[in-house]
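What follows is the content of upload_39.csv (CSV, C-alpha atoms).
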```csv
chain,number,residue,atom,x,y,z
A,1,MET,CA,21.1,48.0,-54.8
A,2,ARG,CA,18.9,45.7,-56.9
A,3,ASN,CA,17.6,46.8,-60.1
A,4,HIS,CA,14.0,45.6,-60.4
A,5,LYS,CA,13.5,47.0,-63.8
A,6,GLU,CA,13.7,44.3,-66.4
A,7,GLU,CA,15.8,44.4,-69.5
A,8,THR,CA,13.5,44.6,-72.5
A,9,GLY,CA,15.6,45.8,-75.4
A,10,ARG,CA,13.4,48.8,-75.6
A,11,SER,CA,15.0,52.1,-76.6
A,12,LEU,CA,15.5,54.7,-73.9
A,13,ALA,CA,14.9,57.6,-76.2
A,14,GLY,CA,11.7,58.1,-78.2
A,15,LYS,CA,11.3,57.8,-82.0
A,16,TRP,CA,11.7,61.5,-82.7
A,17,LYS,CA,14.9,61.7,-80.7
A,18,HIS,CA,16.4,59.0,-82.8
A,19,ALA,CA,15.2,60.8,-85.9
A,20,PHE,CA,16.8,64.0,-84.6
A,21,ILE,CA,20.2,62.3,-84.2
A,22,TYR,CA,19.9,60.6,-87.6
A,23,GLY,CA,19.2,64.1,-89.1
A,24,LEU,CA,22.4,65.5,-87.4
A,25,ILE,CA,24.4,62.7,-88.8
A,26,PHE,CA,23.0,63.3,-92.3
A,27,ILE,CA,23.6,67.0,-92.1
A,28,GLY,CA,26.9,67.3,-90.3
A,29,GLY,CA,28.3,63.8,-90.1
A,30,ARG,CA,28.9,61.8,-86.9
A,31,GLY,CA,31.1,64.7,-85.5
A,32,LEU,CA,28.0,66.9,-85.2
A,33,ALA,CA,26.0,64.1,-83.6
A,34,TYR,CA,28.8,63.5,-81.1
A,35,VAL,CA,28.8,67.1,-80.0
A,36,PHE,CA,25.1,66.8,-79.1
A,37,LEU,CA,25.7,63.6,-77.2
A,38,TYR,CA,27.6,65.2,-74.4
A,39,PRO,CA,24.7,67.3,-73.0
A,40,LEU,CA,22.1,64.8,-74.1
A,41,VAL,CA,23.8,61.9,-72.3
A,42,PHE,CA,24.4,64.1,-69.3
A,43,VAL,CA,20.7,65.0,-69.0
A,44,TYR,CA,19.7,61.3,-69.3
A,45,THR,CA,22.3,60.3,-66.7
A,46,CYS,CA,20.7,62.8,-64.2
A,47,PHE,CA,17.6,60.6,-64.1
A,48,PRO,CA,17.9,58.1,-61.2
A,49,SER,CA,16.0,55.5,-63.3
A,50,VAL,CA,18.7,55.7,-66.0
A,51,ARG,CA,21.5,55.4,-63.5
A,52,LYS,CA,19.8,52.5,-61.9
A,53,LYS,CA,19.9,50.5,-65.2
A,54,SER,CA,23.7,50.2,-65.1
A,55,GLN,CA,24.4,50.6,-61.4
A,56,SER,CA,25.1,46.9,-60.6
A,57,TYR,CA,27.9,46.9,-63.2
A,58,VAL,CA,29.3,50.3,-62.2
A,59,ILE,CA,29.4,49.4,-58.6
A,60,ARG,CA,31.1,46.0,-59.2
A,61,ARG,CA,33.5,47.2,-61.8
A,62,PHE,CA,34.5,50.6,-60.4
A,63,SER,CA,33.7,50.5,-56.7
A,64,PRO,CA,32.9,54.2,-56.7
A,65,ARG,CA,33.9,56.1,-53.6
A,66,CYS,CA,31.1,58.7,-53.7
A,67,PHE,CA,28.1,59.7,-55.7
A,68,THR,CA,30.2,62.0,-58.0
A,69,ASP,CA,32.5,59.1,-58.8
A,70,PHE,CA,29.5,56.9,-59.4
A,71,PHE,CA,27.9,59.5,-61.7
A,72,LYS,CA,31.1,60.0,-63.6
A,73,HIS,CA,31.5,56.3,-64.4
A,74,THR,CA,27.8,56.0,-65.3
A,75,TYR,CA,28.0,59.0,-67.6
A,76,LEU,CA,31.1,57.7,-69.4
A,77,LEU,CA,29.5,54.3,-69.8
A,78,ASN,CA,26.3,55.9,-71.3
A,79,LEU,CA,28.4,58.2,-73.5
A,80,THR,CA,30.3,55.4,-75.0
A,81,PHE,CA,27.1,53.5,-75.7
A,82,ALA,CA,25.6,56.5,-77.3
A,83,ARG,CA,28.7,56.9,-79.5
A,84,THR,CA,28.4,53.3,-80.7
A,85,LEU,CA,24.8,53.9,-81.6
A,86,VAL,CA,25.8,57.0,-83.6
A,87,ASP,CA,28.5,55.0,-85.3
A,88,ARG,CA,26.0,52.3,-86.2
A,89,ALA,CA,23.7,54.9,-87.6
A,90,ALA,CA,26.5,56.6,-89.4
A,91,LEU,CA,27.5,53.3,-91.0
A,92,GLY,CA,24.0,53.0,-92.4
A,93,ILE,CA,23.6,56.7,-93.4
A,94,LEU,CA,27.1,57.6,-94.5
A,95,GLY,CA,28.6,54.1,-95.0
A,96,ALA,CA,31.7,55.2,-93.1
A,97,THR,CA,32.9,53.0,-90.3
A,98,ALA,CA,36.2,51.1,-90.1
A,99,VAL,CA,36.9,47.8,-88.4
A,100,THR,CA,40.4,46.8,-87.7
A,101,SER,CA,41.1,43.1,-87.6
A,102,THR,CA,44.3,41.3,-88.3
A,103,GLU,CA,44.7,39.0,-91.3
A,104,GLU,CA,45.5,36.2,-88.8
A,105,GLU,CA,42.1,36.7,-87.3
A,106,ARG,CA,40.3,36.6,-90.6
A,107,GLU,CA,42.3,33.6,-91.7
A,108,LEU,CA,41.5,31.8,-88.5
A,109,CYS,CA,37.8,32.3,-89.1
A,110,ARG,CA,38.0,31.3,-92.7
A,111,LYS,CA,40.0,28.2,-91.8
A,112,LEU,CA,37.5,27.1,-89.1
A,113,LEU,CA,34.6,27.7,-91.5
A,114,SER,CA,36.3,25.6,-94.2
A,115,GLU,CA,35.9,22.6,-91.9
A,116,GLN,CA,32.2,22.6,-93.0
A,117,LYS,CA,30.9,22.2,-89.5
A,118,GLY,CA,29.6,25.7,-89.2
A,119,LEU,CA,31.0,28.4,-87.0
A,120,ILE,CA,29.6,30.0,-83.9
A,121,LEU,CA,30.8,33.6,-83.3
A,122,LEU,CA,30.0,34.1,-79.7
A,123,SER,CA,30.1,37.7,-78.5
A,124,ALA,CA,28.5,39.8,-75.8
A,125,HIS,CA,26.7,43.1,-75.3
A,126,VAL,CA,29.9,45.1,-75.3
A,127,GLY,CA,31.6,47.5,-77.7
A,128,CYS,CA,30.2,47.7,-81.2
A,129,TRP,CA,28.5,44.4,-81.3
A,130,GLN,CA,25.5,45.8,-83.0
A,131,MET,CA,27.3,46.7,-86.2
A,132,ALA,CA,30.2,44.3,-86.3
A,133,VAL,CA,28.3,41.6,-88.2
A,134,ASN,CA,27.6,44.1,-91.0
A,135,LEU,CA,31.3,44.3,-91.7
A,136,MET,CA,32.2,40.6,-91.7
A,137,GLN,CA,32.1,40.2,-95.5
A,138,PHE,CA,35.5,38.5,-95.4
A,139,LEU,CA,33.6,35.4,-94.2
A,140,PRO,CA,32.2,33.4,-97.1
A,141,GLY,CA,28.7,32.0,-97.1
A,142,LYS,CA,25.5,32.9,-95.2
A,143,LYS,CA,25.5,34.5,-91.8
A,144,HIS,CA,22.8,34.3,-89.2
A,145,VAL,CA,22.3,36.4,-86.2
A,146,LEU,CA,20.3,35.3,-83.2
A,147,TYR,CA,18.5,38.5,-82.3
A,148,TYR,CA,15.4,39.5,-80.4
A,149,ARG,CA,14.1,42.8,-81.4
A,150,ASN,CA,11.6,44.6,-79.1
A,151,PRO,CA,8.9,46.4,-81.2
A,152,LYS,CA,9.6,49.5,-79.1
A,153,ASP,CA,13.3,49.5,-80.1
A,154,TYR,CA,13.5,52.5,-82.3
A,155,ASP,CA,17.2,52.2,-83.2
A,156,LYS,CA,17.4,51.5,-86.9
A,157,THR,CA,19.6,48.6,-88.0
A,158,VAL,CA,22.2,49.4,-90.6
A,159,SER,CA,20.1,47.8,-93.4
A,160,GLN,CA,17.1,49.9,-92.3
A,161,HIS,CA,19.2,53.0,-93.0
A,162,THR,CA,20.6,51.8,-96.3
A,163,GLY,CA,17.4,50.2,-97.5
A,164,GLN,CA,19.5,47.3,-98.7
A,165,GLN,CA,19.1,43.7,-97.7
A,166,ALA,CA,21.0,42.8,-94.5
A,167,PRO,CA,24.1,40.7,-95.1
A,168,PHE,CA,22.7,38.2,-92.7
A,169,ASP,CA,19.4,36.5,-91.6
A,170,PHE,CA,17.9,37.1,-88.2
A,171,ILE,CA,16.9,34.1,-86.1
A,172,ASN,CA,14.4,35.1,-83.5
A,173,PRO,CA,15.0,33.4,-80.1
A,174,ALA,CA,11.4,34.3,-79.2
A,175,GLY,CA,10.2,32.3,-82.2
A,176,PRO,CA,9.1,28.6,-82.3
A,177,LEU,CA,11.4,26.4,-80.3
A,178,GLY,CA,13.7,29.4,-79.6
A,179,GLY,CA,15.1,29.3,-83.1
A,180,THR,CA,17.0,26.1,-82.4
A,181,VAL,CA,15.9,24.4,-85.6
A,182,GLU,CA,17.2,27.3,-87.7
A,183,MET,CA,20.5,27.4,-85.7
A,184,MET,CA,21.1,23.7,-86.1
A,185,ASN,CA,20.3,23.8,-89.8
A,186,ALA,CA,22.6,26.7,-90.4
A,187,LEU,CA,25.5,25.1,-88.7
A,188,GLN,CA,24.9,21.8,-90.4
A,189,ARG,CA,25.0,23.6,-93.8
A,190,GLY,CA,28.4,25.0,-92.7
A,191,GLU,CA,27.2,28.5,-92.2
A,192,VAL,CA,28.0,31.2,-89.6
A,193,LEU,CA,25.9,31.8,-86.5
A,194,CYS,CA,26.4,34.9,-84.5
A,195,ALA,CA,25.1,35.0,-80.9
A,196,MET,CA,25.4,36.6,-77.5
A,197,GLY,CA,26.7,34.4,-74.7
A,198,ASP,CA,26.1,36.9,-71.8
A,199,ARG,CA,22.3,37.1,-71.7
A,200,MET,CA,19.7,34.5,-70.9
A,201,PHE,CA,16.7,33.9,-73.1
A,202,GLY,CA,14.7,30.9,-72.3
A,203,PRO,CA,13.9,28.7,-69.3
A,204,GLU,CA,15.9,28.5,-66.1
A,205,LYS,CA,16.9,24.9,-66.8
A,206,ASN,CA,18.9,26.0,-69.8
A,207,ALA,CA,21.0,28.4,-67.7
A,208,LEU,CA,24.4,27.9,-66.2
A,209,SER,CA,25.5,29.9,-63.2
A,210,VAL,CA,29.0,31.3,-63.5
A,211,HIS,CA,31.3,33.7,-61.7
A,212,PHE,CA,31.5,37.3,-63.0
A,213,PHE,CA,32.7,40.4,-61.2
A,214,LYS,CA,32.3,39.4,-57.6
A,215,GLY,CA,29.1,37.5,-58.0
A,216,LYS,CA,27.3,34.8,-60.0
A,217,VAL,CA,25.3,35.3,-63.1
A,218,SER,CA,23.1,33.1,-65.3
A,219,VAL,CA,24.2,32.6,-68.9
A,220,PRO,CA,22.8,30.4,-71.6
A,221,TYR,CA,24.4,27.0,-72.2
A,222,SER,CA,22.6,26.2,-75.4
A,223,PHE,CA,25.4,27.4,-77.7
A,224,TYR,CA,27.9,25.1,-76.0
A,225,ARG,CA,25.5,22.2,-76.3
A,226,ILE,CA,24.7,23.0,-80.0
A,227,ALA,CA,28.5,23.3,-80.7
A,228,ALA,CA,29.1,19.9,-79.0
A,229,ILE,CA,26.3,18.3,-81.0
A,230,THR,CA,27.2,19.8,-84.4
A,231,GLY,CA,31.0,19.9,-83.9
A,232,ALA,CA,31.0,23.6,-84.8
A,233,PRO,CA,33.9,25.5,-83.3
A,234,ILE,CA,33.1,28.6,-81.2
A,235,VAL,CA,35.1,31.7,-81.7
A,236,ILE,CA,34.8,34.1,-78.7
A,237,LEU,CA,34.9,37.5,-80.3
A,238,PHE,CA,34.5,41.1,-79.0
A,239,PHE,CA,34.4,44.4,-80.8
A,240,PRO,CA,35.8,47.2,-78.8
A,241,TRP,CA,35.0,50.8,-79.8
A,242,LEU,CA,38.4,52.5,-80.4
A,243,LYS,CA,37.6,56.0,-81.5
A,244,ARG,CA,35.2,58.0,-83.7
A,245,GLY,CA,34.0,55.6,-86.4
A,246,MET,CA,36.5,52.9,-85.7
A,247,PHE,CA,36.3,49.7,-83.8
A,248,ALA,CA,38.4,46.5,-83.6
A,249,SER,CA,37.6,42.8,-83.6
A,250,LYS,CA,39.4,40.9,-81.0
A,251,THR,CA,39.4,37.1,-80.9
A,252,ALA,CA,39.6,36.1,-77.3
A,253,ALA,CA,39.6,32.3,-77.7
A,254,VAL,CA,38.5,29.4,-79.8
A,255,LEU,CA,36.5,26.6,-78.1
A,256,ARG,CA,36.2,23.1,-79.4
A,257,ILE,CA,33.6,21.3,-77.4
A,258,PRO,CA,33.4,17.5,-77.2
A,259,ASP,CA,30.0,16.0,-77.0
A,260,GLY,CA,29.5,15.4,-73.3
A,261,GLY,CA,25.8,14.5,-73.5
A,262,ASN,CA,23.0,16.6,-72.2
A,263,GLN,CA,24.3,17.2,-68.7
A,264,LYS,CA,24.7,20.9,-68.6
A,265,GLU,CA,27.4,20.9,-65.9
A,266,LYS,CA,29.8,19.4,-68.4
A,267,TYR,CA,29.6,22.7,-70.3
A,268,LEU,CA,30.2,24.9,-67.3
A,269,PRO,CA,34.0,25.3,-67.9
A,270,TYR,CA,33.3,26.7,-71.4
A,271,ALA,CA,30.6,29.2,-70.1
A,272,GLN,CA,33.0,30.2,-67.4
A,273,GLN,CA,35.8,30.7,-69.9
A,274,PHE,CA,33.6,32.9,-72.0
A,275,MET,CA,32.7,35.1,-69.0
A,276,ASP,CA,36.3,35.2,-67.9
A,277,GLU,CA,37.2,36.5,-71.3
A,278,LEU,CA,34.4,39.0,-71.0
A,279,ALA,CA,35.7,40.2,-67.6
A,280,ASP,CA,39.1,40.7,-69.2
A,281,PHE,CA,37.5,42.8,-71.9
A,282,CYS,CA,35.7,44.9,-69.3
A,283,ILE,CA,39.0,45.5,-67.5
A,284,GLN,CA,40.6,46.7,-70.7
A,285,TYR,CA,37.5,48.6,-71.9
A,286,PRO,CA,35.7,49.5,-68.8
A,287,TYR,CA,33.0,51.7,-70.4
A,288,GLN,CA,31.9,49.3,-73.0
A,289,PHE,CA,29.7,46.9,-71.1
A,290,PHE,CA,26.1,47.5,-72.3
A,291,ASN,CA,23.9,45.2,-70.3
A,292,TYR,CA,21.5,47.7,-68.9
A,293,PHE,CA,20.0,45.6,-66.2
A,294,ASP,CA,21.2,43.8,-63.1
A,295,LEU,CA,22.8,40.7,-64.4
A,296,TRP,CA,23.6,39.5,-60.9
A,297,SER,CA,20.0,39.7,-59.6
A,298,GLU,CA,18.1,36.4,-59.6
A,299,GLU,CA,14.9,38.3,-60.0
A,300,ASN,CA,16.1,40.1,-63.1
A,301,ALA,CA,17.6,37.0,-64.6
A,302,THR,CA,14.2,35.5,-64.4
A,303,ASN,CA,12.5,38.6,-65.8
A,304,CYS,CA,15.0,38.6,-68.7
A,305,ARG,CA,14.3,35.0,-69.4
A,306,ARG,CA,10.6,35.7,-69.6
A,307,ASN,CA,11.0,38.3,-72.4
B,1,MET,CA,1.7,4.4,-85.9
B,2,GLN,CA,1.4,3.4,-82.3
B,3,GLN,CA,4.6,1.4,-82.5
B,4,THR,CA,6.5,4.5,-83.8
B,5,VAL,CA,5.0,6.6,-81.0
B,6,GLU,CA,6.4,4.1,-78.5
B,7,GLU,CA,9.8,4.2,-80.3
B,8,ILE,CA,9.8,8.0,-80.1
B,9,LYS,CA,8.9,7.9,-76.4
B,10,GLU,CA,11.7,5.3,-75.8
B,11,MET,CA,14.1,7.5,-77.8
B,12,ILE,CA,13.2,10.6,-75.8
B,13,SER,CA,13.4,9.0,-72.4
B,14,SER,CA,16.8,7.5,-73.1
B,15,GLY,CA,18.3,10.6,-74.9
B,16,ILE,CA,16.8,13.6,-73.2
B,17,ASP,CA,16.9,14.5,-69.5
B,18,LEU,CA,13.2,14.7,-68.4
B,19,GLY,CA,13.9,14.6,-64.7
B,20,GLY,CA,12.6,11.1,-64.4
B,21,ALA,CA,9.2,11.8,-65.9
B,22,ASP,CA,7.1,8.8,-66.8
B,23,LEU,CA,6.2,8.8,-70.5
B,24,SER,CA,4.0,5.7,-70.6
B,25,LYS,CA,0.9,7.8,-70.0
B,26,PHE,CA,1.4,9.9,-73.2
B,27,GLY,CA,-0.3,9.0,-76.5
B,28,PRO,CA,-0.3,10.3,-80.1
B,29,GLU,CA,-2.5,13.3,-79.3
B,30,ASP,CA,-0.1,14.6,-76.6
B,31,ALA,CA,2.0,17.7,-77.4
B,32,ILE,CA,5.8,17.4,-77.5
B,33,PHE,CA,6.8,20.9,-76.6
B,34,GLY,CA,5.3,23.6,-74.4
B,35,ASP,CA,3.6,23.4,-71.0
B,36,GLN,CA,1.2,20.7,-72.1
B,37,GLY,CA,2.1,17.1,-72.8
B,38,LEU,CA,5.7,16.0,-72.6
B,39,GLY,CA,6.8,19.6,-71.8
B,40,LEU,CA,10.1,19.6,-73.8
B,41,ASP,CA,11.7,23.0,-74.4
B,42,SER,CA,13.8,24.6,-77.1
B,43,LEU,CA,17.1,23.0,-76.1
B,44,ASP,CA,15.4,19.6,-75.9
B,45,ALA,CA,14.5,20.3,-79.5
B,46,VAL,CA,18.2,20.3,-80.4
B,47,GLU,CA,18.6,16.9,-78.8
B,48,LEU,CA,15.5,15.6,-80.4
B,49,ILE,CA,16.5,16.7,-83.9
B,50,MET,CA,19.9,15.0,-83.5
B,51,LEU,CA,18.2,11.8,-82.2
B,52,LEU,CA,15.9,11.9,-85.2
B,53,GLN,CA,18.8,12.3,-87.6
B,54,LYS,CA,20.8,9.5,-86.0
B,55,LYS,CA,18.0,7.0,-85.6
B,56,TYR,CA,15.9,7.7,-88.7
B,57,GLY,CA,18.1,9.8,-91.0
B,58,ILE,CA,15.5,12.5,-91.2
B,59,THR,CA,16.1,16.2,-91.1
B,60,ILE,CA,13.7,19.1,-90.3
B,61,GLU,CA,14.3,21.6,-93.1
B,62,ASN,CA,12.7,24.7,-91.5
B,63,MET,CA,10.6,25.8,-88.6
B,64,GLN,CA,7.5,26.1,-90.8
B,65,GLN,CA,7.8,22.4,-91.4
B,66,GLY,CA,9.0,21.7,-87.9
B,67,ARG,CA,5.9,23.3,-86.4
B,68,GLU,CA,3.6,20.8,-88.1
B,69,ILE,CA,5.9,17.8,-87.5
B,70,PHE,CA,6.4,18.6,-83.8
B,71,LYS,CA,2.8,19.3,-83.1
B,72,ASN,CA,2.3,16.1,-81.1
B,73,LEU,CA,3.7,12.6,-80.9
B,74,GLY,CA,1.3,11.4,-83.6
B,75,THR,CA,2.4,14.0,-86.2
B,76,LEU,CA,6.0,13.2,-85.5
B,77,ALA,CA,5.3,9.5,-85.8
B,78,ASP,CA,3.5,10.1,-89.1
B,79,TYR,CA,6.5,12.1,-90.5
B,80,ILE,CA,8.9,9.5,-89.5
B,81,ILE,CA,6.9,6.7,-91.1
B,82,LYS,CA,6.7,8.7,-94.4
B,83,ASN,CA,10.3,10.0,-94.5
B,84,ARG,CA,12.6,7.7,-92.6
B,85,LYS,CA,15.8,6.7,-94.4
B,86,LYS,CA,17.0,4.2,-91.8
```
What is this structure when it is put down as structure tokens?
Amino acid sequence: MRNHKEETGRSLAGKWKHAFIYGLIFIGGRGLAYVFLYPLVFVYTCFPSVRKKSQSYVIRRFSPRCFTDFFKHTYLLNLTFARTLVDRAALGILGATAVTSTEEERELCRKLLSEQKGLILLSAHVGCWQMAVNLMQFLPGKKHVLYYRNPKDYDKTVSQHTGQQAPFDFINPAGPLGGTVEMMNALQRGEVLCAMGDRMFGPEKNALSVHFFKGKVSVPYSFYRIAAITGAPIVILFFPWLKRGMFASKTAAVLRIPDGGNQKEKYLPYAQQFMDELADFCIQYPYQFFNYFDLWSEENATNCRRN
Amino acid sequence: MQQTVEEIKEMISSGIDLGGADLSKFGPEDAIFGDQGLGLDSLDAVELIMLLQKKYGITIENMQQGREIFKNLGTLADYIIKNRKK
């Protein structure tokens, strides 16, 4: 049951298929694109190679009784992912997507940011993570997103659709020193850093092994260490897709991490808390976990780190 | 400059976990990051930047600048000598 295909961030569909969906959104809104998604996702899910990408999660999360059950869960997972991609494109093309967040949540983030130690918004590859940062104008100051973009990823970002400047800067984790200088500087200037805490990028020695859905996975510990060094609070934040064109922001926890030196084991409880919050999210929103590789496989964890 | 190089090595060995590696054999021409030289990685860079701030009061403004400064022990020592505030 091991998926030996590595996660690359590369789009599954080709460039012209993306263009086709974008055209549908432009002509008939996201409703028309949604209609096409049902057969399109069904066809994709019929390919064993596509099912294999998410099978480790589907098996662990749903314990499917038979192939039909397994297929159904995989289809629903892929369909939700496709919907979030359509919504992201619709945000860029039509400018119409709603995020529901409470005033308390917004106030919390503003208050943490006013401490002038920077703010780390730690999320995961779940829900509408790809477009959430576009809609966080309520946070003052500059925002930075740690993001590796595969050249063969044909999904356009929101700013690529609108032709406007993105409301944030990208920090490339594949860049010199993994973008750490930029991250540190941003936080020390009191700015916002958005990052993903569920996927490794970098050498093995910077990974922590934590429990997640009946197994152990490797996650980065750099964010916890950077938070400890800079004093920046971490807000664990997820963005569940609710319905057509609407998603929510959900603050799961706020972490304040004391400087425990460079022994990574001292940061294990924080990484575990993050993954526990993520597991809770997956229980509440089972079809919104979009890590399309075997997170539990040591081989794939290594492959992912090499990318 | 040699004295500053020794200071940097001392700072690194006391502040960064190098798994017991012996730094005495390294000189100004040895790389700080990557597979060659000291072999520090991106997360070690975070530690090193903080150590530089604490000990010398210097900051690395951007990665363009950082790339030159962190090229090897000699370039870092040079930068410290010219820009130290402490």
With 12 Å as the cut-off and all atoms listed in the file counted, what is the closest atom pair between each nearby residue of chain B and chain A? Distances in Å to one decimal, ordered by chain and number, as a tab-separated table.
```
residue	atom	partner	partner_atom	distance
B:Ser14	CA	A:Asn262	CA	11.0
B:Gly15	CA	A:Asn262	CA	8.1
B:Ile16	CA	A:Asn262	CA	7.0
B:Asp17	CA	A:Asn262	CA	7.0
B:Leu18	CA	A:Asn262	CA	10.7
B:Gly19	CA	A:Lys205	CA	10.9
B:Ile32	CA	A:Leu177	CA	11.0
B:Phe33	CA	A:Leu177	CA	8.1
B:Gly34	CA	A:Leu177	CA	8.9
B:Asp35	CA	A:Pro203	CA	11.7
B:Gly39	CA	A:Pro203	CA	11.8
B:Leu40	CA	A:Leu177	CA	9.5
B:Asp41	CA	A:Leu177	CA	6.8
B:Ser42	CA	A:Leu177	CA	4.4
B:Leu43	CA	A:Ser222	CA	6.4
B:Asp44	CA	A:Asn262	CA	9.0
B:Ala45	CA	A:Leu177	CA	6.9
B:Val46	CA	A:Thr180	CA	6.3
B:Glu47	CA	A:Asn262	CA	7.9
B:Leu48	CA	A:Val181	CA	10.2
B:Ile49	CA	A:Val181	CA	7.9
B:Met50	CA	A:Ile229	CA	7.6
B:Leu51	CA	A:Ile229	CA	10.5
B:Gln53	CA	A:Gln188	CA	11.6
B:Lys54	CA	A:Ile229	CA	11.5
B:Thr59	CA	A:Asn185	CA	8.8
B:Ile60	CA	A:Val181	CA	7.4
B:Glu61	CA	A:Asn185	CA	7.2
B:Asn62	CA	A:Glu182	CA	6.4
B:Met63	CA	A:Val181	CA	6.2
B:Gln64	CA	A:Pro176	CA	9.0
B:Gln65	CA	A:Val181	CA	10.2
B:Gly66	CA	A:Val181	CA	7.8
B:Arg67	CA	A:Pro176	CA	7.4
B:Glu68	CA	A:Pro176	CA	11.2
B:Phe70	CA	A:Leu177	CA	9.9
B:Lys71	CA	A:Pro176	CA	11.3
```
* Asked: A:Gly23, A:Pro48, A:Gly127, A:Gly29: which is nearest A:Phe247, counting all atoms listed in the file?
  ->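 Smallest distance to A:Phe247 is found for A:Gly127.
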* Asked: Quick one, how far is atom CA of A:Gly190 from atom CA of A:Lys117?
  -> 4.9 Å
* Coordinates-based distance that separates atom CA of A:Gly215 from atom CA of A:Phe201 (Å, one decimal) ->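 Computed distance, atom CA of A:Phe201 to atom CA of A:Gly215, equals 19.9 Å.
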* Contacts of A:Leu122 within 8 Å, all atoms listed in the file, excl. fewer than 3 positions in-chain, as number ranges by chain -> A: 194-197, 234-237
* **Using all atoms listed in the file: which of B:Leu38, B:Lys25, B:Gly20, B:Ala31 has the shortest distance to B:Leu76** =>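 Smallest separation from B:Leu76 among the options: B:Ala31.
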* Interatomic distance (Å, one decimal) between atom CA of A:His144 and atom CA of A:Glu191 ->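 Atom CA of A:Glu191 lies at a distance of 7.9 Å from atom CA of A:His144.
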